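Undergrad: This is the content of model31.txt (compact mmCIF, C-alpha atoms and all ligand atoms):
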```
# COMPACT_ATOMS: atom_id res chain seq x y z
CA MET B 1 26.06 87.71 40.65
CA ARG B 2 27.35 84.24 41.46
CA VAL B 3 24.78 81.76 40.19
CA LEU B 4 24.51 78.00 40.61
CA ILE B 5 22.37 76.29 37.96
CA ALA B 6 21.45 72.92 39.42
CA GLY B 7 20.50 70.54 36.62
CA CYS B 8 22.21 72.55 33.89
CA GLY B 9 20.65 71.04 30.76
CA TYR B 10 18.68 72.40 27.83
CA VAL B 11 17.27 75.53 29.50
CA GLY B 12 20.00 75.83 32.15
CA THR B 13 22.81 75.97 29.58
CA GLU B 14 21.11 78.77 27.64
CA LEU B 15 20.60 80.65 30.91
CA GLY B 16 24.22 80.07 31.91
CA LEU B 17 25.48 81.41 28.57
CA ARG B 18 23.36 84.52 28.91
CA LEU B 19 24.49 85.20 32.47
CA GLY B 20 28.11 84.48 31.56
CA ALA B 21 27.90 86.95 28.66
CA GLU B 22 26.82 89.60 31.17
CA GLY B 23 29.93 88.90 33.25
CA HIS B 24 28.29 86.90 36.05
CA GLU B 25 30.01 83.85 37.57
CA VAL B 26 28.00 80.74 36.69
CA TRP B 27 28.37 77.15 37.84
CA GLY B 28 26.54 74.39 35.97
CA LEU B 29 25.85 71.39 38.19
CA ARG B 30 25.00 68.03 36.62
CA ARG B 31 26.28 64.48 36.76
CA ASP B 32 28.07 64.87 33.43
CA PRO B 33 29.08 68.52 33.05
CA SER B 34 31.71 67.77 30.39
CA VAL B 35 29.30 69.01 27.70
CA LEU B 36 28.88 72.48 29.23
CA PRO B 37 30.29 75.35 27.16
CA GLU B 38 32.44 78.15 28.56
CA PRO B 39 32.08 80.39 30.46
CA ILE B 40 29.83 78.04 32.50
CA ARG B 41 32.00 76.43 35.17
CA PRO B 42 31.37 72.68 35.21
CA LEU B 43 30.42 71.14 38.55
CA ALA B 44 30.14 67.34 38.49
CA ALA B 45 27.69 66.33 41.20
CA ASP B 46 24.57 64.29 41.83
CA LEU B 47 21.70 66.23 43.39
CA LEU B 48 20.92 63.14 45.48
CA ASP B 49 24.43 62.89 46.94
CA PRO B 50 24.23 63.11 50.76
CA HIS B 51 27.64 64.86 50.73
CA LEU B 52 26.51 67.53 48.25
CA ALA B 53 27.27 70.38 50.70
CA GLU B 54 31.01 69.69 50.40
CA ARG B 55 30.88 70.21 46.62
CA LEU B 56 28.99 73.51 46.47
CA PRO B 57 30.65 76.79 45.49
CA GLU B 58 29.78 80.04 47.27
CA VAL B 59 26.93 81.58 45.34
CA ASP B 60 24.19 84.12 45.96
CA GLN B 61 21.55 82.87 43.48
CA VAL B 62 20.40 79.34 42.66
CA VAL B 63 18.27 78.07 39.78
CA TYR B 64 16.96 74.51 40.08
CA ALA B 65 16.35 73.33 36.51
CA ALA B 66 16.96 69.58 36.80
CA ALA B 67 14.65 67.23 34.96
CA ALA B 68 13.82 63.59 35.66
CA ASN B 69 15.30 61.28 33.06
CA VAL B 70 13.00 58.42 34.14
CA SER B 71 9.28 58.82 33.51
CA SER B 72 7.95 57.19 36.66
CA ALA B 73 6.58 58.44 39.97
CA GLU B 74 9.81 57.38 41.68
CA GLY B 75 11.98 59.05 39.01
CA TYR B 76 10.01 62.29 39.36
CA ARG B 77 10.05 62.14 43.16
CA ALA B 78 13.83 61.65 43.15
CA ILE B 79 14.49 64.83 41.15
CA TYR B 80 11.64 67.19 41.98
CA VAL B 81 11.34 66.38 45.70
CA ARG B 82 14.34 64.53 47.13
CA GLY B 83 16.88 66.33 44.92
CA VAL B 84 15.55 69.75 45.82
CA GLU B 85 15.31 68.86 49.54
CA ASN B 86 18.90 67.65 49.45
CA LEU B 87 20.16 70.78 47.68
CA LEU B 88 18.25 73.15 49.99
CA ALA B 89 19.65 71.33 53.05
CA ALA B 90 23.17 71.40 51.57
CA LEU B 91 22.89 75.13 50.80
CA THR B 92 21.60 75.86 54.29
CA ARG B 93 24.56 73.99 55.75
CA SER B 94 27.20 75.43 53.44
CA ALA B 95 26.16 78.92 52.36
CA GLY B 96 22.44 79.20 53.10
CA THR B 97 22.54 82.52 54.82
CA GLY B 98 24.09 84.12 51.75
CA ILE B 99 21.56 82.83 49.22
CA GLU B 100 19.44 85.76 48.04
CA ARG B 101 17.06 83.75 45.90
CA PHE B 102 16.30 80.22 44.79
CA LEU B 103 14.31 79.74 41.58
CA PHE B 104 12.59 76.37 41.15
CA VAL B 105 11.67 75.49 37.58
CA SER B 106 8.29 73.81 37.71
CA SER B 107 5.68 72.87 35.15
CA THR B 108 2.15 73.75 34.08
CA ALA B 109 1.45 70.03 34.69
CA VAL B 110 0.54 71.10 38.26
CA TYR B 111 -2.81 72.27 36.85
CA GLY B 112 -5.53 69.83 36.07
CA ASP B 113 -8.21 70.07 33.44
CA SER B 114 -10.06 73.39 33.44
CA GLY B 115 -12.22 72.51 30.45
CA GLY B 116 -10.22 74.95 28.31
CA ASP B 117 -10.67 77.89 30.72
CA TRP B 118 -7.86 80.27 31.66
CA VAL B 119 -5.62 79.43 34.61
CA ASP B 120 -3.09 81.67 36.33
CA GLU B 121 -0.99 81.83 39.50
CA ARG B 122 -4.15 82.18 41.63
CA THR B 123 -5.75 79.03 40.24
CA PRO B 124 -5.44 76.18 42.76
CA PRO B 125 -3.23 73.43 41.30
CA ALA B 126 -4.98 70.09 40.84
CA PRO B 127 -2.48 67.68 39.28
CA GLU B 128 -3.89 64.69 37.47
CA ASN B 129 -0.82 62.44 37.52
CA PHE B 130 2.62 62.04 39.11
CA ARG B 131 4.13 64.47 36.57
CA GLY B 132 2.12 67.22 38.18
CA SER B 133 1.89 65.99 41.76
CA GLU B 134 5.62 65.34 42.30
CA VAL B 135 6.55 68.71 40.79
CA LEU B 136 3.93 70.37 43.00
CA ASP B 137 5.48 68.69 46.07
CA GLY B 138 8.83 70.11 44.91
CA GLU B 139 7.26 73.58 44.73
CA HIS B 140 5.99 73.23 48.33
CA THR B 141 9.39 72.02 49.54
CA THR B 142 11.04 75.02 47.90
CA LEU B 143 8.56 77.65 49.04
CA GLU B 144 8.57 76.35 52.64
CA SER B 145 12.38 76.50 52.93
CA PRO B 146 14.02 79.38 54.84
CA ILE B 147 15.81 80.43 51.62
CA PRO B 148 13.81 83.09 49.68
CA ALA B 149 12.28 81.13 46.82
CA THR B 150 10.18 81.57 43.70
CA VAL B 151 8.64 79.06 41.30
CA LEU B 152 8.42 79.40 37.51
CA ARG B 153 5.87 77.02 35.96
CA LEU B 154 6.91 76.40 32.35
CA GLY B 155 4.71 75.15 29.54
CA GLY B 156 5.99 72.73 26.89
CA ILE B 157 9.52 73.74 25.90
CA TYR B 158 10.61 73.73 22.26
CA GLY B 159 13.56 75.22 20.45
CA PRO B 160 16.82 74.30 18.74
CA GLY B 161 17.25 70.52 18.83
CA ARG B 162 13.75 69.99 20.22
CA THR B 163 11.83 69.82 17.00
CA ARG B 164 9.81 66.61 17.47
CA LEU B 165 6.60 68.40 16.51
CA ILE B 166 8.06 69.60 13.20
CA GLU B 167 9.16 66.06 12.37
CA MET B 168 5.73 64.65 13.28
CA VAL B 169 4.06 67.14 10.97
CA ARG B 170 6.55 66.51 8.15
CA GLN B 171 6.07 62.77 8.39
CA GLY B 172 2.27 63.09 8.47
CA ARG B 173 2.10 61.64 11.99
CA ALA B 174 0.50 64.70 13.64
CA ARG B 175 -3.22 64.10 14.22
CA CYS B 176 -5.68 66.72 15.36
CA PRO B 177 -7.79 65.86 18.42
CA GLY B 178 -11.35 65.13 17.38
CA GLU B 179 -12.91 66.93 20.32
CA GLY B 180 -11.71 70.44 20.38
CA PRO B 181 -10.27 72.80 20.86
CA ILE B 182 -7.56 71.19 23.00
CA TRP B 183 -5.34 74.08 24.05
CA SER B 184 -1.57 73.80 24.11
CA ASN B 185 0.71 76.05 26.15
CA ARG B 186 4.32 76.33 25.13
CA ILE B 187 7.48 78.40 25.48
CA HIS B 188 10.60 78.68 23.37
CA ARG B 189 13.80 77.64 25.17
CA ASP B 190 15.27 81.15 24.78
CA ASP B 191 12.24 82.72 26.44
CA ALA B 192 12.36 80.14 29.26
CA ALA B 193 16.01 81.05 29.87
CA GLY B 194 15.23 84.76 29.39
CA ALA B 195 12.40 84.60 31.94
CA LEU B 196 14.71 83.01 34.52
CA GLN B 197 17.36 85.64 33.81
CA HIS B 198 14.69 88.33 34.27
CA LEU B 199 13.50 86.83 37.59
CA LEU B 200 17.09 86.75 38.87
CA THR B 201 17.32 90.50 38.47
CA LEU B 202 13.91 91.73 39.67
CA PRO B 203 14.11 93.54 43.02
CA ALA B 204 11.06 91.76 44.47
CA LEU B 205 9.38 88.56 43.39
CA GLU B 206 6.00 86.90 43.73
CA PRO B 207 6.10 83.28 44.93
CA VAL B 208 4.85 81.84 41.63
CA TYR B 209 4.97 82.84 37.94
CA LEU B 210 3.66 81.10 34.86
CA GLY B 211 6.15 80.82 32.01
CA VAL B 212 4.24 80.32 28.76
CA ASP B 213 4.08 82.43 25.61
CA ASP B 214 1.38 85.02 24.88
CA HIS B 215 -0.91 82.74 22.90
CA PRO B 216 -2.23 79.42 24.16
CA THR B 217 -3.19 77.77 20.88
CA PRO B 218 -5.40 74.82 19.96
CA LEU B 219 -3.12 71.90 19.23
CA CYS B 220 -4.67 71.47 15.78
CA GLU B 221 -3.91 75.09 14.91
CA VAL B 222 -0.24 74.52 15.82
CA TYR B 223 -0.09 71.40 13.64
CA ARG B 224 -1.80 73.19 10.74
CA GLY B 225 0.40 76.29 11.11
CA VAL B 226 3.59 74.22 11.10
CA ALA B 227 2.31 72.09 8.18
CA GLU B 228 1.85 75.30 6.20
CA MET B 229 5.36 76.48 7.12
CA VAL B 230 7.03 73.24 6.01
CA GLY B 231 4.73 72.56 3.05
CA ALA B 232 3.37 69.31 4.53
CA PRO B 233 -0.19 68.05 3.94
CA GLU B 234 -2.80 69.31 6.39
CA PRO B 235 -2.96 67.04 9.48
CA THR B 236 -6.00 64.79 9.62
CA VAL B 237 -8.45 64.66 12.53
CA ASP B 238 -8.57 61.60 14.80
CA PRO B 239 -11.98 61.56 16.53
CA GLY B 240 -10.63 59.46 19.45
CA LEU B 241 -7.80 61.86 20.34
CA GLY B 242 -7.85 64.51 23.03
CA ARG B 243 -10.34 63.11 25.52
CA ASP B 244 -7.62 62.25 28.03
CA ARG B 245 -5.67 65.53 27.69
CA SER B 246 -5.98 68.15 30.39
CA ASN B 247 -7.31 71.20 28.63
CA LYS B 248 -6.39 74.66 29.90
CA ARG B 249 -5.17 78.05 28.77
CA CYS B 250 -2.27 79.36 30.85
CA SER B 251 -1.94 83.12 31.31
CA ASN B 252 1.50 84.77 31.35
CA ARG B 253 0.09 88.10 32.48
CA LEU B 254 1.98 88.27 35.78
CA LEU B 255 5.32 87.61 34.09
CA ARG B 256 4.61 90.20 31.38
CA GLU B 257 3.46 92.76 33.95
CA SER B 258 6.76 92.25 35.78
CA GLY B 259 8.46 93.66 32.66
CA PHE B 260 9.36 90.54 30.69
CA THR B 261 8.94 90.58 26.92
CA PHE B 262 8.92 87.47 24.79
CA ALA B 263 11.25 87.01 21.82
CA TYR B 264 8.77 84.40 20.53
CA PRO B 265 5.26 85.47 21.59
CA SER B 266 3.59 82.54 19.80
CA PHE B 267 4.46 79.23 18.16
CA ARG B 268 4.44 81.02 14.80
CA GLU B 269 7.49 83.22 15.50
CA GLY B 270 9.23 80.37 17.34
CA TYR B 271 8.82 77.67 14.69
CA ARG B 272 9.53 80.10 11.85
CA ALA B 273 12.85 81.00 13.49
CA LEU B 274 13.71 77.32 13.98
CA LEU B 275 12.92 76.52 10.36
CA ALA B 276 14.94 79.52 9.14
CA THR B 277 17.96 78.28 11.14
CA GLU B 278 17.47 74.78 9.76
CA ALA B 279 17.34 76.16 6.20
CA GLY B 280 20.49 78.24 6.84
CA GLU B 281 22.33 75.17 8.16
CA GLY B 282 21.16 73.16 5.15
CA GLU B 283 22.50 75.78 2.74
CA ALA B 284 25.82 75.94 4.61
CA GLY B 285 26.04 72.12 4.39
CA GLU B 286 25.30 72.20 0.66
CA ARG B 287 27.99 74.84 0.12
CA GLN B 288 30.50 72.64 1.98
CA ASP B 289 29.50 69.60 -0.13
CA ARG B 290 30.22 71.39 -3.37
N1 LIG B 301 10.63 69.73 28.65
C1 LIG B 301 9.51 70.40 28.82
O1 LIG B 301 8.69 70.56 27.91
C2 LIG B 301 9.21 70.99 30.18
C3 LIG B 301 7.94 71.51 30.44
C4 LIG B 301 7.69 72.13 31.66
C5 LIG B 301 8.71 72.20 32.61
N2 LIG B 301 9.93 71.67 32.35
C6 LIG B 301 10.97 71.80 33.37
O2 LIG B 301 11.96 72.69 32.90
C7 LIG B 301 13.21 72.38 33.54
C8 LIG B 301 14.32 72.38 32.53
O3 LIG B 301 14.04 71.43 31.53
P1 LIG B 301 15.17 70.98 30.51
O4 LIG B 301 14.47 70.48 29.33
O5 LIG B 301 16.18 72.07 30.40
O6 LIG B 301 15.82 69.75 31.31
P2 LIG B 301 16.86 68.67 30.77
O7 LIG B 301 17.82 69.28 29.83
O8 LIG B 301 16.14 67.45 30.31
O9 LIG B 301 17.57 68.20 32.13
C9 LIG B 301 18.27 69.08 32.95
C10 LIG B 301 19.50 68.44 33.54
O10 LIG B 301 19.20 67.77 34.77
C11 LIG B 301 20.38 67.02 35.04
N3 LIG B 301 20.11 66.02 36.07
C12 LIG B 301 19.19 65.02 36.04
N4 LIG B 301 19.29 64.28 37.17
C13 LIG B 301 20.30 64.81 37.91
C14 LIG B 301 20.88 64.48 39.15
N5 LIG B 301 20.46 63.44 39.88
N6 LIG B 301 21.90 65.26 39.62
C15 LIG B 301 22.35 66.32 38.90
N7 LIG B 301 21.84 66.69 37.71
C16 LIG B 301 20.83 65.93 37.21
C17 LIG B 301 20.75 66.37 33.70
O11 LIG B 301 22.16 66.27 33.52
P3 LIG B 301 22.98 64.91 33.85
O12 LIG B 301 22.24 63.78 33.22
O13 LIG B 301 24.36 65.15 33.29
O14 LIG B 301 23.01 64.80 35.34
C18 LIG B 301 20.18 67.40 32.69
O15 LIG B 301 21.16 68.03 31.97
C19 LIG B 301 12.99 71.08 34.28
O16 LIG B 301 12.71 71.37 35.62
C20 LIG B 301 11.75 70.52 33.64
O17 LIG B 301 11.03 69.69 34.50
C21 LIG B 301 10.20 71.07 31.16
```
Kindly return the structure encoded in the file as structure tokens.
Ligand SMILES: NC(=O)c1ccc[n+]([C@@H]2O[C@H](COP(=O)([O-])OP(=O)(O)OC[C@H]3O[C@@H](n4cnc5c(N)ncnc54)[C@H](OP(=O)(O)O)[C@@H]3O)[C@@H](O)[C@H]2O)c1
TA:
Amino acid sequence: MRVLIAGCGYVGTELGLRLGAEGHEVWGLRRDPSVLPEPIRPLAADLLDPHLAERLPEVDQVVYAAAANVSSAEGYRAIYVRGVENLLAALTRSAGTGIERFLFVSSTAVYGDSGGDWVDERTPPAPENFRGSEVLDGEHTTLESPIPATVLRLGGIYGPGRTRLIEMVRQGRARCPGEGPIWSNRIHRDDAAGALQHLLTLPALEPVYLGVDDHPTPLCEVYRGVAEMVGAPEPTVDPGLGRDRSNKRCSNRLLRESGFTFAYPSFREGYRALLATEAGEGEAGERQDR
């Protein structure tokens, strides 16, 4: 395969490394690709560049995994709508006929509040803010293009280097929502990359998949579980918290039924692995200090 990863960041780099290890040719497109490891081929480009077509390599698969670095409606629109429109137009002009599939990385933010009920790919999206509505517009743009496209809606991504929750719990800043349960839906970075890798190789795809682990978990249970793992005091409950959070349980059934298995089926396996790596790095550091 020849794969272009557009917006090759946290998830994209892990995907690129996996594909590269399998012998595929991978290009990582971003404005500053100097940080990309081999064998990902760096491609310095801005997704909003009107001359993007001239920069694109010949590929047969594309993964759009760019993320807005400005948290505003305009920032989101730029990346999730105008960036994807620009790339699709550029691909159509340069190599569009050869593109076998285009994967658009979306978000479970496209769903609104379901009062804690289950949602899946058949549930009509009902975004509650620009984070959901702009990404949903990007989904429509992608699915309406002549290039065969599929959307993967990811839950909250965590993994190496993205350990904010662990730090919050350690520092006693994690507070349980008073009205509960408020469900959280997450996915480890390696499973997000693994799911994209899996979708690139399936013979036939559905238009939309949900990418979350096997166990939506009440936020408070995640905080308490991590507190136990790190030996921190049990998080306290804040009665005012949670009222404004959209509350839903996302089902990964379609993705699992397509043959994908999770390395980290719940936050427990994922955070335990992160903490084990951290402990290993700490020990290595101590050995070096001696
Ligand atoms: N984080 C979450 O919890 C979460 C949850 C659900 C869905 N998602 C989605 O998952 C996907 C991957 O997330 P991630 O955390 O891997 O993203 P990320 O690392 O934050 O960002 C991906 C890359 O996009 C590139 N980028 C931004 N603007 C660009 C532009 N104008 N032109 C070219 N490249 C640009 C950035 O590189 P440069 O700055 O070098 O250009 C960055 O490396 C995104 O679509 C995100 O919306 C994330």
Undergrad: Please report the interatomic distance between CA of Pro42 in chain B and CA of Val11 in chain B in Å with one decimal.
TA: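 Computing it gives 15.5 Å between the two atoms.
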Undergrad: Could you name the residues that touch range 77-90 of chain B at 10 Å or less, counting all atoms listed in the file, but leaving out those on the same chain fewer than 2 positions away, as a PDB file with C-alpha atoms, in the frame of the given file?
TA:
```
ATOM      1  CA  ALA B   6      21.450  72.920  39.420  1.00  0.00           C
ATOM      2  CA  GLY B   7      20.500  70.540  36.620  1.00  0.00           C
ATOM      3  CA  ASP B  46      24.570  64.290  41.830  1.00  0.00           C
ATOM      4  CA  LEU B  47      21.700  66.230  43.390  1.00  0.00           C
ATOM      5  CA  LEU B  48      20.920  63.140  45.480  1.00  0.00           C
ATOM      6  CA  ASP B  49      24.430  62.890  46.940  1.00  0.00           C
ATOM      7  CA  PRO B  50      24.230  63.110  50.760  1.00  0.00           C
ATOM      8  CA  HIS B  51      27.640  64.860  50.730  1.00  0.00           C
ATOM      9  CA  LEU B  52      26.510  67.530  48.250  1.00  0.00           C
ATOM     10  CA  ALA B  53      27.270  70.380  50.700  1.00  0.00           C
ATOM     11  CA  GLU B  54      31.010  69.690  50.400  1.00  0.00           C
ATOM     12  CA  ARG B  55      30.880  70.210  46.620  1.00  0.00           C
ATOM     13  CA  LEU B  56      28.990  73.510  46.470  1.00  0.00           C
ATOM     14  CA  VAL B  62      20.400  79.340  42.660  1.00  0.00           C
ATOM     15  CA  TYR B  64      16.960  74.510  40.080  1.00  0.00           C
ATOM     16  CA  ALA B  65      16.350  73.330  36.510  1.00  0.00           C
ATOM     17  CA  ALA B  66      16.960  69.580  36.800  1.00  0.00           C
ATOM     18  CA  ALA B  67      14.650  67.230  34.960  1.00  0.00           C
ATOM     19  CA  ALA B  68      13.820  63.590  35.660  1.00  0.00           C
ATOM     20  CA  ASN B  69      15.300  61.280  33.060  1.00  0.00           C
ATOM     21  CA  VAL B  70      13.000  58.420  34.140  1.00  0.00           C
ATOM     22  CA  SER B  72       7.950  57.190  36.660  1.00  0.00           C
ATOM     23  CA  ALA B  73       6.580  58.440  39.970  1.00  0.00           C
ATOM     24  CA  GLU B  74       9.810  57.380  41.680  1.00  0.00           C
ATOM     25  CA  GLY B  75      11.980  59.050  39.010  1.00  0.00           C
ATOM     26  CA  THR B  92      21.600  75.860  54.290  1.00  0.00           C
ATOM     27  CA  ARG B  93      24.560  73.990  55.750  1.00  0.00           C
ATOM     28  CA  SER B  94      27.200  75.430  53.440  1.00  0.00           C
ATOM     29  CA  ALA B  95      26.160  78.920  52.360  1.00  0.00           C
ATOM     30  CA  GLY B  96      22.440  79.200  53.100  1.00  0.00           C
ATOM     31  CA  PHE B 102      16.300  80.220  44.790  1.00  0.00           C
ATOM     32  CA  PHE B 104      12.590  76.370  41.150  1.00  0.00           C
ATOM     33  CA  VAL B 105      11.670  75.490  37.580  1.00  0.00           C
ATOM     34  CA  SER B 106       8.290  73.810  37.710  1.00  0.00           C
ATOM     35  CA  PHE B 130       2.620  62.040  39.110  1.00  0.00           C
ATOM     36  CA  ARG B 131       4.130  64.470  36.570  1.00  0.00           C
ATOM     37  CA  SER B 133       1.890  65.990  41.760  1.00  0.00           C
ATOM     38  CA  GLU B 134       5.620  65.340  42.300  1.00  0.00           C
ATOM     39  CA  VAL B 135       6.550  68.710  40.790  1.00  0.00           C
ATOM     40  CA  LEU B 136       3.930  70.370  43.000  1.00  0.00           C
ATOM     41  CA  ASP B 137       5.480  68.690  46.070  1.00  0.00           C
ATOM     42  CA  GLY B 138       8.830  70.110  44.910  1.00  0.00           C
ATOM     43  CA  GLU B 139       7.260  73.580  44.730  1.00  0.00           C
ATOM     44  CA  HIS B 140       5.990  73.230  48.330  1.00  0.00           C
ATOM     45  CA  THR B 141       9.390  72.020  49.540  1.00  0.00           C
ATOM     46  CA  THR B 142      11.040  75.020  47.900  1.00  0.00           C
ATOM     47  CA  SER B 145      12.380  76.500  52.930  1.00  0.00           C
ATOM     48  CA  PRO B 146      14.020  79.380  54.840  1.00  0.00           C
ATOM     49  CA  ILE B 147      15.810  80.430  51.620  1.00  0.00           C
TER      50      ILE B 147
END
```
Undergrad: Considering all atoms listed in the file, state which residue in the set B:Asp191, B:Asp244, B:Asp60, B:Glu281 is at the smallest distance from Ala263 in chain B.
TA: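 Of B:Asp191, B:Asp244, B:Asp60, B:Glu281, the one nearest Ala263 in chain B is B:Asp191, counting all atoms listed in the file.
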Undergrad: Figure out the distance between CA of Pro181 in chain B and CA of Met229 in chain B, please, to one decimal in Å.
TA: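 Separation between CA of Met229 in chain B and CA of Pro181 in chain B: 21.1 Å.
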Undergrad: For ligand LIG 301 (chain B), which of B:Thr123, B:Gln171, B:Asn185, B:Gln61 is the closest residue, counting all atoms listed in the file?
TA: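 Nearest to ligand LIG 301 (chain B): B:Asn185.
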Undergrad: Just checking: using only C-alpha atoms, which residue out of B:Gly159, B:Pro239, B:Gly194, B:Gly98 ends up closest to Leu19 in chain B?
TA: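 Of all the options, B:Gly194 lies closest to Leu19 in chain B.
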Undergrad: For Phe267 in chain B, which residue among B:Gly211, B:Pro216, B:Pro37, B:Gly231 is the nearest when counting only C-alpha atoms?
TA: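 Answer, going by the shortest atom-to-atom distance: B:Pro216.
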Undergrad: Grab the CA of Ser266 in chain B to CA of His188 in chain B distance for me, in Å with one decimal place.
TA: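 Calculated distance between CA of Ser266 in chain B and CA of His188 in chain B is 8.8 Å.
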